[in-house]
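input-v4.csv (CSV, C-alpha atoms) appears below.
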```
chain,number,residue,atom,x,y,z
A,191,MET,CA,2.9,56.3,-83.6
A,192,PRO,CA,1.7,53.2,-81.7
A,193,LYS,CA,-0.1,53.7,-78.4
A,194,THR,CA,2.4,54.5,-75.6
A,195,GLY,CA,2.1,54.7,-71.8
A,196,ARG,CA,1.6,57.9,-69.8
A,197,PRO,CA,4.4,59.4,-67.7
A,198,LEU,CA,3.8,58.6,-64.1
A,199,ALA,CA,3.8,62.3,-63.2
A,200,ALA,CA,0.7,62.7,-65.4
A,201,LEU,CA,-1.1,59.7,-64.2
A,202,ALA,CA,-2.7,61.4,-61.2
A,203,THR,CA,-4.5,63.6,-63.7
A,204,VAL,CA,-5.6,60.6,-65.8
A,205,ALA,CA,-6.9,58.8,-62.7
A,206,ALA,CA,-8.7,61.9,-61.5
A,207,SER,CA,-10.1,62.3,-64.9
A,208,LEU,CA,-11.8,58.9,-65.0
A,209,LEU,CA,-13.0,59.4,-61.5
A,210,LEU,CA,-14.5,62.8,-62.5
A,211,VAL,CA,-16.1,61.1,-65.6
A,212,ALA,CA,-18.0,58.8,-63.2
A,213,GLY,CA,-19.3,61.7,-61.2
A,214,CYS,CA,-20.5,64.0,-64.0
A,215,SER,CA,-24.1,64.4,-65.2
A,216,SER,CA,-25.2,63.4,-68.6
A,217,SER,CA,-27.0,65.2,-71.4
A,218,ASP,CA,-29.3,63.4,-73.9
A,219,SER,CA,-30.1,65.1,-77.1
A,220,GLY,CA,-32.1,62.2,-78.6
A,221,GLY,CA,-29.4,60.6,-80.8
A,222,LYS,CA,-30.8,61.7,-84.2
A,223,GLY,CA,-28.6,64.0,-86.3
A,224,ASP,CA,-29.2,65.7,-89.6
A,225,ASP,CA,-28.1,62.7,-91.7
A,226,ALA,CA,-29.4,59.9,-89.4
A,227,GLY,CA,-31.7,58.6,-92.2
A,228,ALA,CA,-29.4,59.1,-95.1
A,229,THR,CA,-28.7,55.5,-95.8
A,230,ALA,CA,-32.3,54.5,-95.3
A,231,THR,CA,-33.5,56.9,-97.9
A,232,GLY,CA,-30.8,56.1,-100.4
A,233,GLY,CA,-28.9,59.3,-99.8
A,234,SER,CA,-25.1,59.3,-100.2
A,235,LEU,CA,-22.8,59.9,-97.3
A,236,ARG,CA,-19.8,60.7,-99.6
A,237,GLY,CA,-18.3,64.1,-98.8
A,238,GLN,CA,-19.6,64.1,-95.2
A,239,SER,CA,-17.3,64.3,-92.2
A,240,ILE,CA,-17.1,62.7,-88.8
A,241,THR,CA,-14.9,63.5,-85.8
A,242,VAL,CA,-13.4,60.5,-84.0
A,243,TYR,CA,-12.0,60.8,-80.4
A,244,SER,CA,-9.6,57.8,-80.2
A,245,GLY,CA,-7.7,56.3,-77.2
A,246,GLN,CA,-6.5,53.4,-79.3
A,247,HIS,CA,-3.2,52.8,-81.1
A,248,GLU,CA,-2.7,56.0,-83.1
A,249,GLN,CA,-0.7,54.5,-85.9
A,250,THR,CA,-3.3,51.8,-86.6
A,251,VAL,CA,-6.2,54.1,-86.2
A,252,LYS,CA,-4.7,56.5,-88.8
A,253,ALA,CA,-4.4,53.6,-91.2
A,254,LEU,CA,-8.0,52.5,-90.5
A,255,THR,CA,-9.4,56.0,-91.0
A,256,ALA,CA,-7.4,56.5,-94.2
A,257,ASP,CA,-8.8,53.2,-95.6
A,258,PHE,CA,-12.3,54.1,-94.5
A,259,GLU,CA,-12.1,57.5,-96.2
A,260,LYS,CA,-10.9,55.9,-99.4
A,261,ARG,CA,-13.7,53.3,-99.4
A,262,THR,CA,-16.6,55.6,-98.4
A,263,GLY,CA,-15.7,59.1,-99.3
A,264,ILE,CA,-16.5,60.1,-95.7
A,265,LYS,CA,-13.8,62.4,-94.2
A,266,VAL,CA,-12.5,61.6,-90.7
A,267,LYS,CA,-11.2,64.2,-88.3
A,268,LEU,CA,-9.1,62.2,-85.8
A,269,ARG,CA,-8.3,63.3,-82.3
A,270,SER,CA,-6.0,60.8,-80.5
A,271,GLY,CA,-5.2,60.9,-76.8
A,272,ASP,CA,-5.7,59.1,-73.5
A,273,GLU,CA,-9.1,57.5,-73.3
A,274,ALA,CA,-9.9,58.7,-69.8
A,275,GLU,CA,-9.1,62.3,-70.7
A,276,LEU,CA,-11.1,62.1,-73.9
A,277,ALA,CA,-14.1,60.5,-72.1
A,278,ASN,CA,-14.0,63.3,-69.5
A,279,GLN,CA,-13.8,65.9,-72.2
A,280,ILE,CA,-16.9,64.5,-73.9
A,281,LEU,CA,-18.7,65.0,-70.6
A,282,GLN,CA,-17.4,68.5,-70.1
A,283,GLU,CA,-18.3,69.4,-73.7
A,284,GLY,CA,-21.8,68.1,-73.3
A,285,PRO,CA,-24.2,68.6,-76.3
A,286,ALA,CA,-21.6,70.9,-77.9
A,287,SER,CA,-19.0,68.1,-78.2
A,288,PRO,CA,-17.7,67.8,-81.8
A,289,ALA,CA,-17.2,64.1,-81.3
A,290,ASP,CA,-19.3,61.7,-83.4
A,291,VAL,CA,-17.4,58.5,-82.4
A,292,PHE,CA,-15.5,57.5,-79.3
A,293,TYR,CA,-13.0,54.7,-79.9
A,294,ALA,CA,-11.5,53.4,-76.6
A,295,GLU,CA,-8.8,50.9,-75.7
A,296,ASN,CA,-10.7,49.4,-72.8
A,297,PRO,CA,-14.4,49.0,-71.9
A,298,PRO,CA,-14.6,51.1,-68.6
A,299,ALA,CA,-14.5,54.5,-70.3
A,300,LEU,CA,-17.2,53.4,-72.8
A,301,THR,CA,-19.3,52.0,-69.9
A,302,VAL,CA,-19.2,55.3,-68.1
A,303,LEU,CA,-20.5,57.2,-71.2
A,304,GLU,CA,-23.1,54.5,-71.8
A,305,GLU,CA,-24.4,54.6,-68.2
A,306,LYS,CA,-24.7,58.4,-68.5
A,307,GLY,CA,-26.9,57.9,-71.5
A,308,LEU,CA,-24.5,59.5,-73.9
A,309,LEU,CA,-24.2,56.7,-76.5
A,310,ALA,CA,-26.6,56.0,-79.3
A,311,ASP,CA,-27.5,52.4,-80.1
A,312,VAL,CA,-25.1,50.6,-82.4
A,313,ALA,CA,-26.8,49.2,-85.6
A,314,PRO,CA,-27.9,45.6,-85.0
A,315,GLY,CA,-26.0,44.4,-88.1
A,316,THR,CA,-22.8,45.8,-86.7
A,317,LEU,CA,-23.3,44.3,-83.3
A,318,LYS,CA,-23.9,40.9,-84.9
A,319,SER,CA,-20.4,41.1,-86.6
A,320,VAL,CA,-18.7,40.0,-83.4
A,321,ALA,CA,-19.6,37.7,-80.5
A,322,ALA,CA,-22.1,39.2,-78.1
A,323,ALA,CA,-19.6,39.0,-75.2
A,324,ASP,CA,-17.3,41.3,-77.1
A,325,SER,CA,-19.7,44.3,-76.9
A,326,SER,CA,-21.9,46.1,-74.5
A,327,PRO,CA,-25.0,44.0,-73.6
A,328,LYS,CA,-27.0,47.3,-73.8
A,329,GLY,CA,-25.9,47.9,-77.4
A,330,GLY,CA,-24.2,51.2,-76.8
A,331,TRP,CA,-20.8,50.2,-78.1
A,332,VAL,CA,-19.3,47.4,-80.2
A,333,GLY,CA,-16.0,45.5,-79.7
A,334,VAL,CA,-13.3,45.9,-82.3
A,335,SER,CA,-10.2,44.1,-81.2
A,336,ALA,CA,-8.7,42.2,-78.2
A,337,ARG,CA,-5.5,41.9,-76.2
A,338,THR,CA,-4.3,39.7,-73.5
A,339,ALA,CA,-2.4,40.3,-70.3
A,340,ALA,CA,0.9,38.4,-70.0
A,341,PHE,CA,4.0,38.0,-67.9
A,342,VAL,CA,7.2,38.9,-69.6
A,343,ALA,CA,10.3,37.3,-68.2
A,344,ARG,CA,14.0,37.8,-68.8
A,345,THR,CA,15.3,34.6,-70.4
A,346,GLY,CA,17.8,32.6,-68.3
A,347,THR,CA,16.3,33.7,-65.0
A,348,PRO,CA,14.1,32.0,-62.5
A,349,ALA,CA,11.2,34.2,-63.7
A,350,ASP,CA,11.5,32.4,-67.0
A,351,SER,CA,12.2,28.9,-65.9
A,352,ALA,CA,9.6,29.0,-63.1
A,353,PRO,CA,7.1,31.8,-64.1
A,354,PRO,CA,4.1,32.6,-61.9
A,355,THR,CA,1.0,30.7,-62.6
A,356,SER,CA,-1.1,33.3,-60.9
A,357,VAL,CA,-0.9,37.1,-60.7
A,358,ARG,CA,-1.4,36.7,-57.0
A,359,ASP,CA,2.0,35.1,-56.7
A,360,LEU,CA,3.7,38.4,-57.5
A,361,ALA,CA,2.8,39.8,-54.1
A,362,SER,CA,4.8,37.1,-52.4
A,363,PRO,CA,8.1,38.2,-50.7
A,364,ALA,CA,9.9,35.7,-53.1
A,365,TRP,CA,9.5,38.3,-55.8
A,366,LYS,CA,11.0,41.2,-53.9
A,367,GLY,CA,13.6,43.0,-56.0
A,368,ARG,CA,12.8,40.8,-59.1
A,369,LEU,CA,9.6,42.4,-60.3
A,370,GLY,CA,8.6,45.5,-62.3
A,371,ILE,CA,5.2,47.0,-62.7
A,372,ALA,CA,3.6,49.9,-64.6
A,373,PRO,CA,0.5,50.7,-62.4
A,374,GLY,CA,-0.4,53.8,-64.3
A,375,GLU,CA,-1.1,52.1,-67.6
A,376,THR,CA,-4.8,51.9,-68.4
A,377,ASP,CA,-4.2,48.2,-69.1
A,378,PHE,CA,-3.3,47.5,-65.5
A,379,ALA,CA,-6.5,48.8,-63.8
A,380,PRO,CA,-8.7,46.0,-65.3
A,381,ILE,CA,-6.5,43.4,-63.6
A,382,VAL,CA,-7.0,45.3,-60.3
A,383,THR,CA,-10.7,45.3,-60.9
A,384,ARG,CA,-10.7,41.5,-61.4
A,385,MET,CA,-8.7,41.1,-58.2
A,386,ILE,CA,-11.4,43.1,-56.4
A,387,LYS,CA,-14.1,40.8,-57.9
A,388,THR,CA,-12.3,37.6,-56.9
A,389,ASP,CA,-10.5,38.6,-53.7
A,390,GLY,CA,-12.6,41.5,-52.4
A,391,SER,CA,-11.5,45.1,-51.9
A,392,ASP,CA,-9.3,44.2,-48.9
A,393,GLY,CA,-7.7,41.3,-50.6
A,394,ALA,CA,-6.9,43.4,-53.7
A,395,LYS,CA,-5.5,46.2,-51.5
A,396,LYS,CA,-3.2,43.7,-49.7
A,397,TRP,CA,-2.1,42.4,-53.1
A,398,LEU,CA,-1.3,45.9,-54.4
A,399,GLU,CA,0.7,46.6,-51.2
A,400,GLY,CA,2.6,43.4,-51.9
A,401,LEU,CA,3.4,44.5,-55.4
A,402,LYS,CA,4.5,47.9,-54.2
A,403,ALA,CA,6.9,46.3,-51.7
A,404,ASN,CA,8.3,44.0,-54.3
A,405,ALA,CA,8.5,46.0,-57.5
A,406,LYS,CA,10.3,48.7,-59.2
A,407,VAL,CA,7.7,51.1,-60.8
A,408,TYR,CA,7.9,52.1,-64.4
A,409,ASN,CA,6.2,54.9,-66.3
A,410,SER,CA,4.9,52.6,-69.1
A,411,ASN,CA,4.7,49.1,-70.4
A,412,GLU,CA,7.3,50.0,-73.0
A,413,ASP,CA,9.7,51.0,-70.3
A,414,LEU,CA,8.9,47.9,-68.3
A,415,SER,CA,9.4,45.6,-71.3
A,416,VAL,CA,12.8,47.2,-72.0
A,417,ALA,CA,13.8,46.8,-68.4
A,418,VAL,CA,13.0,43.1,-68.4
A,419,ASN,CA,14.8,42.6,-71.7
A,420,SER,CA,17.9,44.3,-70.4
A,421,GLY,CA,17.8,42.3,-67.1
A,422,GLU,CA,17.1,45.3,-64.9
A,423,VAL,CA,14.3,43.3,-63.4
A,424,GLN,CA,13.4,39.6,-64.0
A,425,GLY,CA,9.8,40.1,-65.0
A,426,GLY,CA,6.5,42.1,-65.1
A,427,VAL,CA,2.9,42.1,-66.2
A,428,VAL,CA,2.2,43.8,-69.6
A,429,ASP,CA,-0.2,43.4,-72.5
A,430,HIS,CA,1.1,40.9,-75.0
A,431,TYR,CA,1.7,43.3,-77.8
A,432,TYR,CA,4.3,45.3,-76.0
A,433,TRP,CA,6.7,42.3,-76.1
A,434,TYR,CA,6.0,41.7,-79.8
A,435,ARG,CA,6.7,45.3,-80.7
A,436,LEU,CA,9.9,45.2,-78.6
A,437,ARG,CA,10.9,42.1,-80.5
A,438,ASP,CA,10.4,43.9,-83.8
A,439,GLU,CA,12.5,46.8,-82.6
A,440,LYS,CA,15.3,44.7,-81.1
A,441,SER,CA,15.2,41.8,-83.6
A,442,ALA,CA,15.3,38.2,-82.5
A,443,ALA,CA,19.0,38.4,-81.6
A,444,GLY,CA,18.4,41.4,-79.4
A,445,THR,CA,15.4,39.9,-77.6
A,446,HIS,CA,16.3,38.4,-74.2
A,447,SER,CA,12.8,37.9,-72.8
A,448,LYS,CA,9.8,35.7,-73.3
A,449,LEU,CA,6.1,35.8,-72.8
A,450,HIS,CA,4.2,33.5,-70.3
A,451,TYR,CA,0.5,33.4,-69.6
A,452,PHE,CA,-1.3,33.0,-66.3
A,453,ALA,CA,-3.5,30.0,-65.7
A,454,LYS,CA,-6.9,30.3,-67.3
A,455,GLY,CA,-9.4,31.6,-64.7
A,456,ASP,CA,-6.8,33.6,-62.9
A,457,PRO,CA,-7.4,37.4,-62.5
A,458,GLY,CA,-4.2,37.9,-64.5
A,459,ALA,CA,-5.5,35.8,-67.4
A,460,LEU,CA,-7.3,38.9,-68.8
A,461,VAL,CA,-8.6,39.1,-72.3
A,462,ASP,CA,-9.8,42.7,-72.8
A,463,VAL,CA,-11.4,44.4,-75.8
A,464,SER,CA,-11.2,47.8,-77.4
A,465,GLY,CA,-14.5,49.2,-78.6
A,466,ALA,CA,-16.3,52.1,-80.3
A,467,GLY,CA,-19.6,53.9,-79.7
A,468,ILE,CA,-21.5,56.8,-81.3
A,469,LEU,CA,-22.4,59.9,-79.4
A,470,LYS,CA,-26.1,60.7,-79.2
A,471,THR,CA,-25.2,64.3,-79.8
A,472,SER,CA,-23.6,63.4,-83.2
A,473,LYS,CA,-25.1,65.3,-86.1
A,474,HIS,CA,-23.8,62.6,-88.5
A,475,GLN,CA,-25.4,59.5,-87.2
A,476,ALA,CA,-25.4,57.5,-90.4
A,477,ALA,CA,-21.8,58.3,-91.3
A,478,ALA,CA,-20.8,57.4,-87.7
A,479,GLN,CA,-22.7,54.1,-88.0
A,480,ALA,CA,-20.9,53.5,-91.3
A,481,PHE,CA,-17.6,53.9,-89.5
A,482,LEU,CA,-18.5,51.4,-86.8
A,483,ALA,CA,-19.7,48.9,-89.5
A,484,TYR,CA,-16.4,49.4,-91.3
A,485,LEU,CA,-14.4,48.7,-88.1
A,486,ASP,CA,-16.1,45.3,-87.7
A,487,GLY,CA,-15.9,44.5,-91.4
A,488,LYS,CA,-13.3,42.1,-92.8
A,489,ASP,CA,-11.3,44.8,-94.5
A,490,ALA,CA,-10.6,46.7,-91.3
A,491,GLN,CA,-10.2,43.5,-89.3
A,492,LYS,CA,-7.5,42.3,-91.7
A,493,LEU,CA,-5.8,45.6,-91.4
A,494,ILE,CA,-5.9,45.4,-87.6
A,495,ALA,CA,-4.5,41.8,-87.8
A,496,ALA,CA,-1.6,42.8,-90.0
A,497,SER,CA,-0.8,46.0,-88.1
A,498,GLN,CA,2.0,46.8,-85.6
A,499,SER,CA,-0.6,46.8,-82.9
A,500,TYR,CA,-0.4,43.0,-82.7
A,501,GLU,CA,-4.0,42.9,-81.4
A,502,TYR,CA,-6.5,40.1,-82.1
A,503,PRO,CA,-9.2,40.7,-84.6
A,504,LEU,CA,-12.7,39.9,-83.3
A,505,VAL,CA,-14.6,39.0,-86.5
A,506,ALA,CA,-14.8,35.3,-87.2
A,507,GLY,CA,-12.7,34.1,-90.1
A,508,VAL,CA,-10.0,36.8,-89.8
A,509,PRO,CA,-7.0,35.2,-88.2
A,510,GLY,CA,-4.5,37.1,-86.0
A,511,LYS,CA,-0.8,37.1,-86.6
A,512,PRO,CA,0.4,33.5,-86.6
A,513,GLU,CA,2.9,34.0,-83.8
A,514,LEU,CA,0.3,35.1,-81.3
A,515,ALA,CA,-0.9,32.5,-78.8
A,516,PRO,CA,-4.5,31.3,-79.6
A,517,ILE,CA,-6.7,33.7,-77.7
A,518,ALA,CA,-8.8,30.8,-76.4
A,519,SER,CA,-5.8,29.3,-74.8
A,520,VAL,CA,-5.2,32.4,-72.7
A,521,GLY,CA,-8.7,33.1,-71.3
A,522,THR,CA,-12.1,34.4,-72.1
A,523,VAL,CA,-13.1,38.0,-72.7
A,524,ALA,CA,-13.8,39.9,-69.5
A,525,SER,CA,-17.4,40.8,-69.3
A,526,VAL,CA,-18.6,44.4,-69.2
A,527,ALA,CA,-20.2,43.9,-65.9
A,528,GLU,CA,-16.9,42.4,-64.5
A,529,LEU,CA,-14.9,45.4,-65.5
A,530,GLY,CA,-17.5,48.1,-64.7
A,531,ASP,CA,-16.4,51.7,-64.8
A,532,GLY,CA,-13.0,51.1,-63.2
A,533,LYS,CA,-13.5,53.6,-60.3
A,534,GLU,CA,-12.8,51.3,-57.5
A,535,ALA,CA,-9.6,50.0,-59.0
A,536,LEU,CA,-8.3,53.5,-59.5
A,537,GLN,CA,-9.2,54.4,-56.0
A,538,LEU,CA,-7.2,51.4,-54.6
A,539,LEU,CA,-4.2,52.4,-56.8
A,540,GLN,CA,-4.4,55.8,-55.2
A,541,ASP,CA,-4.9,54.5,-51.7
A,542,THR,CA,-1.9,52.3,-51.9
A,543,GLY,CA,0.3,55.1,-53.3
A,544,LEU,CA,0.8,53.5,-56.7
A,545,LEU,CA,-0.9,56.5,-58.2
A,546,GLN,CA,-0.6,59.9,-56.7
```

Do you think you could lay out the structure here as structure tokens?
Amino acid sequence: MPKTGRPLAALATVAASLLLVAGCSSSDSGGKGDDAGATATGGSLRGQSITVYSGQHEQTVKALTADFEKRTGIKVKLRSGDEAELANQILQEGPASPADVFYAENPPALTVLEEKGLLADVAPGTLKSVAAADSSPKGGWVGVSARTAAFVARTGTPADSAPPTSVRDLASPAWKGRLGIAPGETDFAPIVTRMIKTDGSDGAKKWLEGLKANAKVYNSNEDLSVAVNSGEVQGGVVDHYYWYRLRDEKSAAGTHSKLHYFAKGDPGALVDVSGAGILKTSKHQAAAQAFLAYLDGKDAQKLIAASQSYEYPLVAGVPGKPELAPIASVGTVASVAELGDGKEALQLLQDTGLLQ
């Protein structure tokens, strides 16, 4: 199944999980496993096995791992779940973690593991497959695909005819009763982080309080997209692919909403990447490196581009779906330093009561 949102009742655990991630200590076993030099010595990796902890779209990741297995003969044990919970579990498991690869939907969880010294260096050739801005500047994880934040509006309403140019506008009393939000989605926290960077902690908190006063809260971006499409609310902030997947489900005739994008440079004009890194504790370093190289090869990138995820491939020369807005027209990829570990955003969401 594609990635779905978390029920709001469970989001306190998710938020606390990522906060706990940031507070745990690290363990460094050196990053060299029993097959780390297999490719360098000409040894075959066929028949080996790696374990991938994935917080990305499950349906697409299953297709990717199946294709990787077919091409390489390396078996993949896939564990899918929420990225914050998986990152926290890696820290709790320590050197005994069975994970070889961590594949995350957003940079903050990867950043936490990298800052704790838990990620091995990604092979230079793999890092060069995508633009430097799409990966960690320290080389501990590599970008795989991208998504954009967007405003989905019910057609025929003022939200569609006069959409907000800035995400800041949504805190205005003019939006009271017209807006929906899904603050527990992991996609929402990076926007809060950008508000903190641009408007300061106090400004971001005031903005969140405005959203809380104006909006109906939904458990997930799927629920929010459906609510906008049905006219329950006039609009809301989602990642772009939720609208495209709703359109596929409802058909063109049943789609009564449209995407709009915030002005470039606005905190809401967020382009975010998914990425993957290798655990230093992995005993299958070469096989794990082969998996990352595969993810940023053209075969995998074409599979991502054609998938139901509706994400943007990152490798040059691999186009996204033709109906997607050109990513350069939406904004630039948020830097790793800009997004950080996400702790402050989660704390503000809790302080304002949008997460319990």

From the set A:Lys387, A:Lys406, A:Lys454, A:His474, which residue has the shortest atom-to-atom contact distance to A:Ile264, counting only C-alpha atoms?
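Closest to A:Ile264 of all the choices is A:His474.
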
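Atom pair atom CA of A:Ala518 / atom CA of A:Gln249 has a distance of 26.8 Å (rounded to one decimal).
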
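Taking atom CA of A:Asp389 as the reference point, atom CA of A:Leu401 is found at 15.2 Å.
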
Per residue of stretch 383-461 of chain A within 6 Å of stretch 346-357 of chain A, which atom pair is closest and at what distance in Å (one decimal), using all atoms listed in the file, listed by chain and increasing number, as a Markdown table?
```
| residue | atom | partner | partner_atom | distance |
| --- | --- | --- | --- | --- |
| A:Gln424 | CA | A:Ala349 | CA | 5.8 |
| A:Phe452 | CA | A:Thr355 | CA | 4.9 |
| A:Ala453 | CA | A:Thr355 | CA | 5.5 |
| A:Gly458 | CA | A:Val357 | CA | 5.1 |
```

Which residue, A:Pro297, A:Gly543, A:Gly333, A:Pro380, has the smallest gap to A:Gln491 when you use all atoms listed in the file?
A:Gly333

Name the closest residue to A:Ser326 among the candidates A:Gly530, A:Pro363, A:Gly263, A:Gly444; distances are taken between atoms, counting only C-alpha atoms.
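Result for the nearest residue to A:Ser326: A:Gly530.
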
Just want the 9 Å neighbourhood of A:Leu539, counted on only C-alpha atoms, with same-chain residues fewer than 2 positions away dropped. Output as number ranges by chain.
A: 373-374, 379, 382, 395, 398, 534-537, 541-546

Could you write out the selected residues, including C-alpha atoms, as an mmCIF file, in the frame of the given file?
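Full text of out15.cif as output:
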```
data_model
loop_
_atom_site.group_PDB
_atom_site.id
_atom_site.type_symbol
_atom_site.label_atom_id
_atom_site.label_comp_id
_atom_site.auth_asym_id
_atom_site.auth_seq_id
_atom_site.Cartn_x
_atom_site.Cartn_y
_atom_site.Cartn_z
ATOM 1 C CA PRO A 373 0.500 50.700 -62.400
ATOM 2 C CA GLY A 374 -0.400 53.800 -64.300
ATOM 3 C CA ALA A 379 -6.500 48.800 -63.800
ATOM 4 C CA VAL A 382 -7.000 45.300 -60.300
ATOM 5 C CA LYS A 395 -5.500 46.200 -51.500
ATOM 6 C CA LEU A 398 -1.300 45.900 -54.400
ATOM 7 C CA GLU A 534 -12.800 51.300 -57.500
ATOM 8 C CA ALA A 535 -9.600 50.000 -59.000
ATOM 9 C CA LEU A 536 -8.300 53.500 -59.500
ATOM 10 C CA GLN A 537 -9.200 54.400 -56.000
ATOM 11 C CA ASP A 541 -4.900 54.500 -51.700
ATOM 12 C CA THR A 542 -1.900 52.300 -51.900
ATOM 13 C CA GLY A 543 0.300 55.100 -53.300
ATOM 14 C CA LEU A 544 0.800 53.500 -56.700
ATOM 15 C CA LEU A 545 -0.900 56.500 -58.200
ATOM 16 C CA GLN A 546 -0.600 59.900 -56.700
#
```

Just want the 12 Å neighbourhood of A:Val320, counted on only C-alpha atoms, with same-chain residues fewer than 4 positions away dropped. Output as a list of chain:residue names.
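Result of the neighbour search: A:Pro314, A:Gly315, A:Thr316, A:Asp324, A:Ser325, A:Ser326, A:Trp331, A:Val332, A:Gly333, A:Val334, A:Ser335, A:Ala336, A:Val463, A:Gly465, A:Leu482, A:Ala483, A:Leu485, A:Asp486, A:Gly487, A:Lys488, A:Gln491, A:Pro503, A:Leu504, A:Val505, A:Ala506, A:Gly507, A:Val508.
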
Residues within 8 Å of stretch 240-244 of chain A, only C-alpha atoms, excluding chain neighbours under 5 positions, as a PyMOL selection string:
chain A and resi 251+264-273+276+288-294+474+477-478

May I ask for the distance between atom CA of A:Ala253 and atom CA of A:Leu493, given in Å to one decimal place?
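Atom CA of A:Leu493 lies at a distance of 8.1 Å from atom CA of A:Ala253.
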
So which one's closest to A:Ser499, A:Lys473, A:Lys318, A:Arg337, A:Lys306? Using all atoms listed in the file, please.
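Going through A:Lys473, A:Lys318, A:Arg337, A:Lys306 one by one, the smallest distance to A:Ser499 is for A:Arg337.
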
Find, counting only C-alpha atoms, the residue in A:Pro285, A:Gly421, A:Gly329, A:Gly426 that gets nearest to A:Gly370.
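Checking each of A:Pro285, A:Gly421, A:Gly329, A:Gly426 against A:Gly370, counting only C-alpha atoms, the winner is A:Gly426.
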